[in-house]
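Pasted below: upload_33.csv, CSV, C-alpha atoms.
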```
chain,number,residue,atom,x,y,z
A,103,MET,CA,-24.5,-16.1,-13.6
A,104,LYS,CA,-23.4,-14.6,-16.9
A,105,THR,CA,-21.9,-17.3,-19.2
A,106,ASP,CA,-20.2,-14.9,-21.7
A,107,LEU,CA,-17.8,-13.4,-19.2
A,108,GLN,CA,-14.0,-13.8,-19.9
A,109,GLN,CA,-11.1,-13.1,-17.7
A,110,GLY,CA,-8.1,-11.3,-19.1
A,111,LEU,CA,-6.5,-7.9,-19.3
A,112,GLY,CA,-7.3,-7.4,-23.0
A,113,GLN,CA,-10.9,-8.6,-22.6
A,114,ASN,CA,-11.6,-6.3,-19.7
A,115,TRP,CA,-9.4,-3.3,-20.5
A,116,LYS,CA,-12.1,-0.7,-20.1
A,117,GLN,CA,-13.1,-1.7,-16.6
A,118,PHE,CA,-9.5,-2.3,-15.7
A,119,SER,CA,-8.6,1.2,-16.9
A,120,LEU,CA,-11.3,2.8,-14.8
A,121,LEU,CA,-10.1,0.9,-11.7
A,122,VAL,CA,-6.6,2.2,-12.4
A,123,LEU,CA,-7.9,5.7,-12.5
A,124,VAL,CA,-9.8,5.2,-9.3
A,125,ASN,CA,-6.7,3.9,-7.5
A,126,ALA,CA,-4.8,6.9,-8.7
A,127,PHE,CA,-7.3,9.1,-6.8
A,128,VAL,CA,-6.9,6.8,-3.8
A,129,GLY,CA,-3.1,7.3,-3.8
A,130,ALA,CA,-3.4,11.0,-4.4
A,131,MET,CA,-5.5,11.4,-1.2
A,132,VAL,CA,-2.7,10.1,1.0
A,133,GLY,CA,0.0,11.7,-1.0
A,134,LEU,CA,-1.2,15.2,0.0
A,135,GLU,CA,0.0,14.4,3.6
A,136,ARG,CA,3.2,12.7,2.7
A,137,ALA,CA,5.7,15.5,3.1
A,138,VAL,CA,3.8,18.4,4.7
A,139,MET,CA,2.5,17.1,8.0
A,140,PRO,CA,5.5,18.0,10.1
A,141,GLY,CA,5.4,21.6,8.9
A,142,PHE,CA,1.6,21.6,9.2
A,143,ALA,CA,1.8,20.5,12.8
A,144,GLU,CA,4.5,23.0,13.7
A,145,HIS,CA,3.2,26.1,11.9
A,146,ILE,CA,-0.5,25.7,12.5
A,147,PHE,CA,-0.6,23.9,15.9
A,148,GLY,CA,2.8,24.6,17.3
A,149,LYS,CA,3.4,20.8,17.6
A,150,GLN,CA,6.9,19.5,17.7
A,151,GLY,CA,8.6,16.2,18.6
A,152,GLN,CA,8.4,12.8,17.0
A,153,VAL,CA,5.7,11.5,19.3
A,154,VAL,CA,3.3,14.2,18.2
A,155,LEU,CA,4.3,14.2,14.6
A,156,LEU,CA,4.0,10.4,14.3
A,157,SER,CA,0.6,10.3,16.1
A,158,PHE,CA,-1.2,11.0,12.8
A,159,ILE,CA,0.6,8.1,11.2
A,160,MET,CA,-0.4,5.8,14.0
A,161,ALA,CA,-4.1,6.9,13.6
A,162,PHE,CA,-3.9,6.4,9.8
A,163,GLY,CA,-2.1,3.0,10.1
A,164,THR,CA,-4.5,1.6,12.7
A,165,SER,CA,-7.6,2.8,10.8
A,166,LYS,CA,-6.3,1.4,7.4
A,167,ALA,CA,-5.2,-1.9,8.9
A,168,LEU,CA,-8.7,-2.4,10.5
A,169,ALA,CA,-10.4,-1.3,7.3
A,170,ASN,CA,-8.4,-4.0,5.4
A,171,LEU,CA,-9.6,-6.6,7.9
A,172,MET,CA,-13.1,-5.3,7.5
A,173,MET,CA,-12.8,-5.6,3.7
A,174,GLY,CA,-11.8,-9.2,4.0
A,175,MET,CA,-14.7,-10.0,6.4
A,176,LEU,CA,-17.4,-7.9,4.6
A,177,SER,CA,-16.5,-9.3,1.2
A,178,GLU,CA,-18.4,-12.5,2.2
A,179,ARG,CA,-21.6,-10.4,2.6
A,180,PHE,CA,-21.2,-7.4,0.3
A,181,THR,CA,-20.0,-6.9,-3.2
A,182,ARG,CA,-16.7,-5.4,-4.2
A,183,LYS,CA,-18.3,-2.2,-5.6
A,184,HIS,CA,-20.3,-1.6,-2.4
A,185,LEU,CA,-17.1,-1.7,-0.3
A,186,LEU,CA,-15.4,0.6,-2.9
A,187,LEU,CA,-18.1,3.2,-2.6
A,188,LEU,CA,-18.0,3.0,1.2
A,189,GLY,CA,-14.3,3.7,1.0
A,190,TRP,CA,-14.9,6.8,-1.0
A,191,ILE,CA,-17.7,8.1,1.3
A,192,ALA,CA,-15.1,7.9,4.1
A,193,ALA,CA,-12.8,10.1,2.1
A,194,ILE,CA,-15.1,13.1,1.7
A,195,PRO,CA,-14.6,14.6,5.2
A,196,VAL,CA,-10.8,14.3,5.0
A,197,PRO,CA,-9.7,17.6,3.2
A,198,PHE,CA,-12.3,19.7,5.1
A,199,LEU,CA,-11.2,18.4,8.5
A,200,LEU,CA,-7.6,19.2,7.7
A,201,MET,CA,-8.4,22.6,6.2
A,202,TYR,CA,-10.5,23.8,9.1
A,203,ALA,CA,-9.1,21.9,12.0
A,204,GLU,CA,-8.9,24.0,15.1
A,205,HIS,CA,-7.1,21.4,17.3
A,206,TRP,CA,-4.9,18.4,16.7
A,207,GLY,CA,-7.6,16.0,17.5
A,208,LEU,CA,-9.4,16.8,14.3
A,209,VAL,CA,-6.2,16.1,12.4
A,210,ILE,CA,-6.2,12.6,14.0
A,211,LEU,CA,-9.9,12.2,13.1
A,212,ALA,CA,-9.1,13.1,9.5
A,213,ASN,CA,-6.4,10.4,9.4
A,214,ILE,CA,-8.8,7.9,10.7
A,215,PHE,CA,-11.2,8.6,7.9
A,216,LEU,CA,-8.2,8.6,5.5
A,217,GLY,CA,-7.2,5.2,6.7
A,218,LEU,CA,-10.8,3.9,6.1
A,219,ASN,CA,-10.7,5.3,2.6
A,220,GLN,CA,-7.3,3.7,1.8
A,221,GLY,CA,-8.2,0.3,3.3
A,222,LEU,CA,-11.6,-0.1,1.7
A,223,ALA,CA,-11.0,1.6,-1.6
A,224,TRP,CA,-7.5,0.4,-2.4
A,225,SER,CA,-8.3,-3.1,-1.3
A,226,SER,CA,-11.4,-3.1,-3.5
A,227,THR,CA,-9.5,-2.0,-6.6
A,228,VAL,CA,-6.8,-4.7,-6.0
A,229,VAL,CA,-9.3,-7.5,-5.6
A,230,MET,CA,-11.5,-6.3,-8.6
A,231,LYS,CA,-8.5,-6.2,-10.9
A,232,ILE,CA,-7.4,-9.7,-9.9
A,233,ASP,CA,-11.0,-10.9,-10.5
A,234,LEU,CA,-10.9,-9.3,-14.0
A,235,VAL,CA,-7.5,-10.4,-15.3
A,236,GLY,CA,-7.4,-14.0,-14.1
A,237,GLU,CA,-4.2,-16.1,-13.5
A,238,LYS,CA,-2.1,-15.2,-16.6
A,239,ASN,CA,-1.4,-11.5,-15.9
A,240,ARG,CA,-1.9,-11.1,-12.2
A,241,GLY,CA,1.6,-9.7,-11.6
A,242,LEU,CA,1.2,-7.2,-14.4
A,243,ALA,CA,-2.2,-6.2,-13.2
A,244,MET,CA,-0.9,-5.6,-9.7
A,245,GLY,CA,2.1,-3.7,-11.1
A,246,ILE,CA,-0.2,-1.4,-13.0
A,247,ASN,CA,-2.5,-1.0,-10.0
A,248,GLU,CA,0.3,-0.1,-7.6
A,249,PHE,CA,2.0,2.1,-10.2
A,250,ALA,CA,-1.1,4.2,-10.5
A,251,GLY,CA,-1.6,4.5,-6.7
A,252,TYR,CA,2.0,5.2,-5.7
A,253,ALA,CA,2.9,7.4,-8.7
A,254,ALA,CA,-0.1,9.5,-7.6
A,255,VAL,CA,1.2,9.5,-4.0
A,256,GLY,CA,4.5,10.9,-5.2
A,257,LEU,CA,3.0,13.5,-7.5
A,258,ALA,CA,0.5,14.6,-4.8
A,259,ALA,CA,3.3,14.9,-2.2
A,260,TYR,CA,5.2,17.3,-4.5
A,261,LEU,CA,2.0,19.2,-5.3
A,262,ALA,CA,1.2,19.6,-1.6
A,263,THR,CA,4.7,20.9,-0.7
A,264,SER,CA,4.6,23.3,-3.6
A,265,LEU,CA,1.3,24.7,-2.4
A,266,ALA,CA,2.5,24.9,1.2
A,267,SER,CA,5.6,26.8,0.1
A,268,ASN,CA,3.6,29.3,-2.0
A,269,TYR,CA,0.4,29.7,0.0
A,270,GLY,CA,1.2,28.4,3.5
A,271,PHE,CA,0.1,25.3,5.5
A,272,ARG,CA,-3.3,26.3,6.6
A,273,ALA,CA,-5.5,25.1,3.8
A,274,ALA,CA,-3.8,25.2,0.4
A,275,PRO,CA,-2.1,21.7,0.5
A,276,PHE,CA,-5.4,19.9,1.1
A,277,VAL,CA,-7.7,21.7,-1.4
A,278,PRO,CA,-6.9,19.2,-4.2
A,279,GLY,CA,-8.3,16.5,-1.9
A,280,ILE,CA,-11.8,17.8,-2.4
A,281,LEU,CA,-11.4,17.2,-6.2
A,282,PHE,CA,-9.8,13.8,-5.7
A,283,SER,CA,-12.4,12.5,-3.3
A,284,ILE,CA,-15.4,13.6,-5.3
A,285,ALA,CA,-14.0,12.4,-8.6
A,286,GLY,CA,-13.1,9.0,-7.1
A,287,LEU,CA,-16.7,8.6,-5.7
A,288,LEU,CA,-18.4,9.6,-8.9
A,289,VAL,CA,-16.3,7.4,-11.2
A,290,SER,CA,-16.8,4.4,-8.8
A,291,TRP,CA,-20.5,5.0,-8.6
A,292,ILE,CA,-21.3,5.7,-12.2
A,293,TRP,CA,-18.9,3.7,-14.4
A,294,VAL,CA,-17.2,1.0,-12.3
A,295,LYS,CA,-19.0,-2.4,-12.6
A,296,ASP,CA,-18.9,-5.1,-10.0
A,297,THR,CA,-16.8,-8.3,-10.6
A,298,HIS,CA,-19.0,-10.7,-8.6
A,299,HIS,CA,-19.8,-12.8,-11.7
A,300,HIS,CA,-16.2,-13.1,-12.6
A,301,VAL,CA,-15.5,-14.6,-9.2
A,302,GLN,CA,-18.3,-17.1,-9.6
A,303,LYS,CA,-17.0,-18.3,-13.0
A,304,GLU,CA,-13.4,-18.6,-11.7
A,305,THR,CA,-14.7,-20.6,-8.7
A,306,GLN,CA,-16.2,-23.2,-11.0
A,307,LEU,CA,-12.8,-23.7,-12.7
A,308,SER,CA,-10.4,-23.4,-9.8
A,309,LYS,CA,-8.4,-26.4,-8.7
A,310,ARG,CA,-7.1,-24.7,-5.5
A,311,PRO,CA,-8.4,-26.2,-2.3
A,312,LEU,CA,-10.2,-24.2,0.3
A,313,LEU,CA,-8.0,-23.5,3.4
A,314,ASP,CA,-9.2,-24.7,6.8
A,315,ASN,CA,-8.1,-21.6,8.6
A,316,VAL,CA,-7.4,-18.6,6.4
A,317,TRP,CA,-6.4,-16.4,9.3
A,318,LYS,CA,-3.6,-18.7,10.5
A,319,ALA,CA,-2.4,-19.6,7.1
A,320,THR,CA,-2.2,-16.0,5.9
A,321,SER,CA,-0.8,-14.6,9.2
A,322,TYR,CA,2.1,-17.0,9.6
A,323,GLN,CA,1.5,-20.6,9.0
A,324,HIS,CA,1.7,-21.2,5.3
A,325,PRO,CA,5.4,-21.0,4.3
A,326,THR,CA,4.8,-18.8,1.3
A,327,ILE,CA,1.7,-16.8,2.2
A,328,GLY,CA,2.7,-16.4,5.8
A,329,THR,CA,6.2,-15.3,4.9
A,330,VAL,CA,4.8,-12.8,2.4
A,331,THR,CA,2.6,-11.3,5.2
A,332,ILE,CA,5.6,-10.9,7.6
A,333,ASN,CA,7.6,-9.2,4.8
A,334,GLY,CA,4.6,-7.0,4.0
A,335,LEU,CA,4.5,-5.9,7.7
A,336,MET,CA,8.2,-5.1,7.6
A,337,ASN,CA,7.9,-3.2,4.4
A,338,ASN,CA,5.3,-0.9,5.7
A,339,LEU,CA,7.1,-0.6,9.1
A,340,ASN,CA,10.0,1.0,7.3
A,341,ASP,CA,7.8,3.0,5.1
A,342,GLY,CA,6.0,4.4,8.2
A,343,VAL,CA,9.4,5.3,9.7
A,344,ILE,CA,10.5,7.1,6.6
A,345,TRP,CA,7.2,8.9,6.3
A,346,GLY,CA,7.5,10.3,9.8
A,347,LEU,CA,11.3,10.7,10.2
A,348,LEU,CA,12.5,11.6,6.7
A,349,PRO,CA,11.4,15.3,6.9
A,350,VAL,CA,12.9,15.6,10.4
A,351,LEU,CA,16.2,13.9,9.2
A,352,LEU,CA,16.5,16.2,6.2
A,353,ALA,CA,15.8,19.2,8.3
A,354,THR,CA,18.7,18.3,10.6
A,355,LYS,CA,20.9,18.0,7.5
A,356,GLY,CA,19.9,21.5,6.5
A,357,TYR,CA,17.6,20.9,3.6
A,358,SER,CA,14.6,23.1,2.7
A,359,LEU,CA,10.9,22.2,2.5
A,360,THR,CA,11.1,22.1,-1.3
A,361,GLU,CA,14.2,19.9,-1.3
A,362,THR,CA,12.5,17.6,1.2
A,363,GLY,CA,9.4,17.5,-1.0
A,364,VAL,CA,11.5,16.3,-4.0
A,365,LEU,CA,13.1,13.5,-2.0
A,366,ALA,CA,9.8,12.5,-0.2
A,367,GLY,CA,8.1,12.4,-3.6
A,368,LEU,CA,11.0,10.6,-5.4
A,369,TYR,CA,10.7,7.4,-3.4
A,370,PRO,CA,7.0,6.7,-4.0
A,371,ALA,CA,7.3,7.8,-7.6
A,372,ILE,CA,10.1,5.3,-8.3
A,373,TRP,CA,8.2,2.8,-6.3
A,374,GLY,CA,5.1,3.4,-8.4
A,375,PHE,CA,6.7,3.5,-11.8
A,376,GLY,CA,9.0,0.5,-11.2
A,377,GLN,CA,6.0,-1.7,-10.6
A,378,LEU,CA,5.0,-1.5,-14.2
A,379,PHE,CA,8.1,-3.7,-14.8
A,380,THR,CA,8.4,-5.7,-11.5
A,381,GLY,CA,4.8,-6.8,-11.5
A,382,ARG,CA,5.3,-8.3,-14.9
A,383,MET,CA,8.6,-9.9,-13.7
A,384,GLY,CA,6.5,-11.7,-11.1
A,385,ASP,CA,4.6,-13.5,-13.8
A,386,THR,CA,7.8,-14.9,-15.4
A,387,HIS,CA,10.3,-15.1,-12.6
A,388,CYS,CA,10.6,-16.6,-9.1
A,389,LYS,CA,8.7,-14.3,-6.7
A,390,LYS,CA,10.7,-15.2,-3.7
A,391,GLN,CA,13.9,-14.0,-5.3
A,392,LEU,CA,12.3,-10.7,-6.2
A,393,ILE,CA,11.0,-10.2,-2.7
A,394,THR,CA,14.4,-11.1,-1.1
A,395,THR,CA,16.2,-8.7,-3.4
A,396,GLY,CA,13.7,-5.9,-2.8
A,397,MET,CA,13.9,-6.1,1.0
A,398,LEU,CA,17.7,-6.1,0.9
A,399,LEU,CA,17.7,-3.0,-1.3
A,400,GLN,CA,15.4,-1.3,1.2
A,401,ALA,CA,17.8,-2.1,4.0
A,402,LEU,CA,20.7,-0.7,2.1
A,403,ALA,CA,18.8,2.5,1.4
A,404,LEU,CA,17.9,3.0,5.0
A,405,ALA,CA,21.5,2.6,6.0
A,406,MET,CA,22.6,5.2,3.4
A,407,LEU,CA,20.3,7.8,4.9
A,408,VAL,CA,22.3,7.6,8.1
A,409,PHE,CA,25.8,7.7,6.6
A,410,THR,CA,25.4,10.5,4.0
A,411,SER,CA,24.4,14.1,4.0
A,412,GLN,CA,25.1,14.9,0.3
A,413,TYR,CA,21.9,15.6,-1.6
A,414,TYR,CA,22.6,13.4,-4.6
A,415,LEU,CA,23.5,10.4,-2.4
A,416,LEU,CA,20.3,11.0,-0.4
A,417,ALA,CA,18.5,10.9,-3.8
A,418,VAL,CA,20.2,7.7,-4.7
A,419,SER,CA,19.0,6.1,-1.4
A,420,MET,CA,15.4,7.1,-2.2
A,421,VAL,CA,15.8,5.6,-5.7
A,422,LEU,CA,17.1,2.4,-4.1
A,423,MET,CA,14.2,2.4,-1.6
A,424,GLY,CA,11.8,2.9,-4.4
A,425,ILE,CA,13.3,0.1,-6.5
A,426,GLY,CA,13.3,-2.3,-3.5
A,427,THR,CA,9.7,-1.5,-2.7
A,428,ALA,CA,8.7,-1.9,-6.3
A,429,LEU,CA,10.2,-5.4,-6.4
A,430,VAL,CA,8.2,-6.6,-3.5
A,431,TYR,CA,4.8,-4.7,-3.5
A,432,PRO,CA,3.0,-6.2,-6.5
A,433,ASN,CA,4.5,-9.6,-5.9
A,434,PHE,CA,3.2,-9.7,-2.3
A,435,LEU,CA,-0.3,-9.4,-3.7
A,436,SER,CA,0.0,-11.7,-6.7
A,437,SER,CA,1.7,-14.4,-4.6
A,438,ILE,CA,-1.2,-14.5,-2.2
A,439,ALA,CA,-3.8,-14.3,-5.0
A,440,GLU,CA,-2.4,-17.3,-6.9
A,441,GLN,CA,-2.2,-19.4,-3.8
A,442,MET,CA,-5.8,-18.8,-2.7
A,443,HIS,CA,-9.1,-20.3,-3.8
A,444,PRO,CA,-11.2,-17.6,-5.5
A,445,GLN,CA,-13.8,-17.6,-2.7
A,446,GLN,CA,-11.2,-17.0,-0.1
A,447,ARG,CA,-9.0,-14.6,-2.1
A,448,ALA,CA,-10.6,-11.3,-0.8
A,449,LYS,CA,-10.5,-12.6,2.8
A,450,ALA,CA,-6.8,-13.6,2.6
A,451,LEU,CA,-5.8,-10.3,0.9
A,452,GLY,CA,-7.7,-8.4,3.6
A,453,ILE,CA,-5.8,-10.3,6.4
A,454,PHE,CA,-2.5,-9.8,4.6
A,455,ARG,CA,-3.2,-6.0,4.2
A,456,PHE,CA,-4.3,-5.8,7.8
A,457,TRP,CA,-0.9,-7.1,9.0
A,458,ARG,CA,1.0,-5.2,6.3
A,459,ASP,CA,-0.6,-1.9,7.3
A,460,SER,CA,-0.2,-2.6,11.0
A,461,GLY,CA,3.5,-2.0,10.1
A,462,TYR,CA,2.7,1.7,9.9
A,463,VAL,CA,1.5,1.7,13.5
A,464,ILE,CA,4.5,-0.4,14.7
A,465,GLY,CA,6.9,1.8,12.7
A,466,ALA,CA,5.4,5.0,14.1
A,467,LEU,CA,5.7,3.6,17.7
A,468,MET,CA,9.2,2.4,17.1
A,469,ALA,CA,10.3,5.7,15.5
A,470,ALA,CA,8.7,7.8,18.3
A,471,LEU,CA,10.2,5.7,21.2
A,472,LEU,CA,13.6,4.8,19.8
A,473,THR,CA,14.4,8.3,18.5
A,474,SER,CA,13.6,9.7,22.0
A,475,PHE,CA,16.1,7.4,23.6
A,476,PHE,CA,18.7,6.6,20.9
A,477,GLY,CA,18.3,9.2,18.2
A,478,LEU,CA,17.5,9.2,14.5
A,479,SER,CA,20.5,7.3,13.3
A,480,ALA,CA,20.2,4.3,15.6
A,481,THR,CA,16.5,4.0,14.8
A,482,LEU,CA,17.1,3.9,11.1
A,483,LEU,CA,19.9,1.4,11.4
A,484,LEU,CA,17.7,-0.9,13.5
A,485,VAL,CA,14.9,-0.7,11.0
A,486,ALA,CA,17.4,-1.5,8.2
A,487,PHE,CA,18.6,-4.6,10.1
A,488,LEU,CA,15.0,-5.8,10.6
A,489,THR,CA,14.2,-5.2,7.0
A,490,ALA,CA,17.2,-7.3,5.8
A,491,GLY,CA,16.2,-10.1,8.2
A,492,ALA,CA,12.7,-10.3,6.7
A,493,GLY,CA,14.3,-10.5,3.2
A,494,LEU,CA,16.5,-13.4,4.3
A,495,MET,CA,13.5,-15.1,5.8
A,496,ALA,CA,11.8,-14.9,2.4
A,497,HIS,CA,14.8,-16.5,0.8
A,498,SER,CA,14.9,-19.4,3.3
A,499,ARG,CA,11.2,-20.1,3.9
A,500,MET,CA,9.3,-19.2,0.7
A,501,CYS,CA,9.0,-21.3,-2.5
A,502,CYS,CA,8.5,-20.1,-6.0
A,503,THR,CA,4.8,-19.8,-6.8
A,504,ASN,CA,5.1,-19.7,-10.6
A,505,LYS,CA,4.1,-22.9,-12.2
A,506,GLN,CA,7.4,-23.4,-14.0
A,507,PHE,CA,9.2,-23.1,-10.6
A,508,TRP,CA,7.0,-25.4,-8.5
A,509,GLY,CA,9.4,-28.0,-7.2
A,510,ASP,CA,8.7,-27.5,-3.5
A,511,THR,CA,5.6,-29.4,-2.4
A,512,THR,CA,5.1,-26.9,0.5
A,513,CYS,CA,3.6,-24.5,-2.1
A,514,LEU,CA,0.7,-26.8,-2.5
A,515,GLU,CA,0.1,-27.9,1.0
A,516,VAL,CA,-3.3,-27.1,2.7
A,517,TYR,CA,-3.3,-25.2,6.0
```

Take the structure I supplied and represent it as structure tokens, if you would.
Amino acid sequence: MKTDLQQGLGQNWKQFSLLVLVNAFVGAMVGLERAVMPGFAEHIFGKQGQVVLLSFIMAFGTSKALANLMMGMLSERFTRKHLLLLGWIAAIPVPFLLMYAEHWGLVILANIFLGLNQGLAWSSTVVMKIDLVGEKNRGLAMGINEFAGYAAVGLAAYLATSLASNYGFRAAPFVPGILFSIAGLLVSWIWVKDTHHHVQKETQLSKRPLLDNVWKATSYQHPTIGTVTINGLMNNLNDGVIWGLLPVLLATKGYSLTETGVLAGLYPAIWGFGQLFTGRMGDTHCKKQLITTGMLLQALALAMLVFTSQYYLLAVSMVLMGIGTALVYPNFLSSIAEQMHPQQRAKALGIFRFWRDSGYVIGALMAALLTSFFGLSATLLLVAFLTAGAGLMAHSRMCCTNKQFWGDTTCLEVY
């Protein structure tokens, strides 16, 4: 093991910056689909209806959730960089499958590959950044990571809708994906260095105990980590609902594809940019308060979508959704990272991300079934209610993980 390694954002800024760039490419890959898939399905394949339109989200969410679980399990046998490269290899077929798909099954296959890419590549960049920066700036590191990824989601969503408006849905929206996937693979392969030695060094210094059952503790049992996981699932559940239903909702309110693209891109762009600040807030403030506030803001935003048709109010709802998600997203990750022993960190984050991204699947199923029986408005209000409930659970069950706030001994219990 190298003895001259140091953890810290300043000490590792070059590698950290490369990983930020890589994660921007990861986010851009999924952003290309963010707002154009309903139009793509209808114009190219004649597919209509929520069940068909949400099928690609279910495929993506299932694949990404399982890839996250694989990441956690495989991290005990392979290095972070190996898994990052595997994630980028999975991305290569995605734009070609979408551009040349002759039937809807190939679109589903493309989203399975996309989910593998997102699960393996995004998870790898998250864990590698945590390895590099150490304890002091974890929140800031996660804020920068998620900013890069979700700002790229928003920008790529707007790019795809612009290309679709000007050149049609057949191939143009997905051409940039060729560049993103190749660039991500090459940067990861040639310039990104592994962080294995940083983990070894931190392990020698860590005072965190090893958990007896990482799966149970992360899934539900630990009052802080388990509650973070439940809120993460709920966060992505409502994100999956918005991904699938927002274009449909806005179409019923009479808005054009371009206007839909602006709103669909606004939410992840605010979400991404806001994490530059909210991640750092998690290093200095009580994370449970940030998570509770963020989930309640999301619930308010979902309710606003139902009760307003004015464009500027819809934009306000997307801004609130973005702020709420920005408050929770980096602090989910940093809460779990600082609770875990370095040797179990990747596994716990993989389990958390498995449950969190399972929310896409559950959200897609809920949206498809509930809208069929009760309509768009009732579905969105139910999701708003569940989101608020998860936020209140965080308030009642979590404790503050920052050292200056540790007064609740449950933060330090072993599960």

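Atom pair atom CA of A:Met244 / atom CA of A:Leu435: separated by 7.1 Å.
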
List every residue of stretch 318-351 of chain A that has an atom at most 10 Å from any atom of stretch 364-386 of chain A, and for each one report the closest atom pair and its distance in Å to one decimal, counting only C-alpha atoms, with rows sorted by chain and then by increasing residue number, as CSV.
```
residue,atom,partner,partner_atom,distance
A:Asp341,CA,A:Pro370,CA,9.9
A:Ile344,CA,A:Ala366,CA,8.7
A:Trp345,CA,A:Ala366,CA,7.9
A:Leu348,CA,A:Ala366,CA,7.5
A:Pro349,CA,A:Ala366,CA,7.8
```

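Around A:Asn219, within 7 Å and counting all atoms listed in the file, the residues found are Gly189, Trp190, Ala192, Ala193, Phe215 and Ala223 of chain A, once anything fewer than 4 positions away on its own chain is removed.
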
Expected residue set, 12 Å radius at (-15.5, -11.0, 4.6), all atoms listed in the file, as a count of residues only: 27

A:His497 surroundings by only C-alpha atoms, 9 Å radius, close-in-sequence under 3 positions cut, as a VMD selection string: chain A and resid 390 to 391 393 to 395 492 to 494 500 to 501

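With only C-alpha atoms as the basis for measurement, A:Phe276 is the residue among A:Thr320, A:Ser460, A:Leu472, A:Phe276 that approaches A:Met201 most closely.
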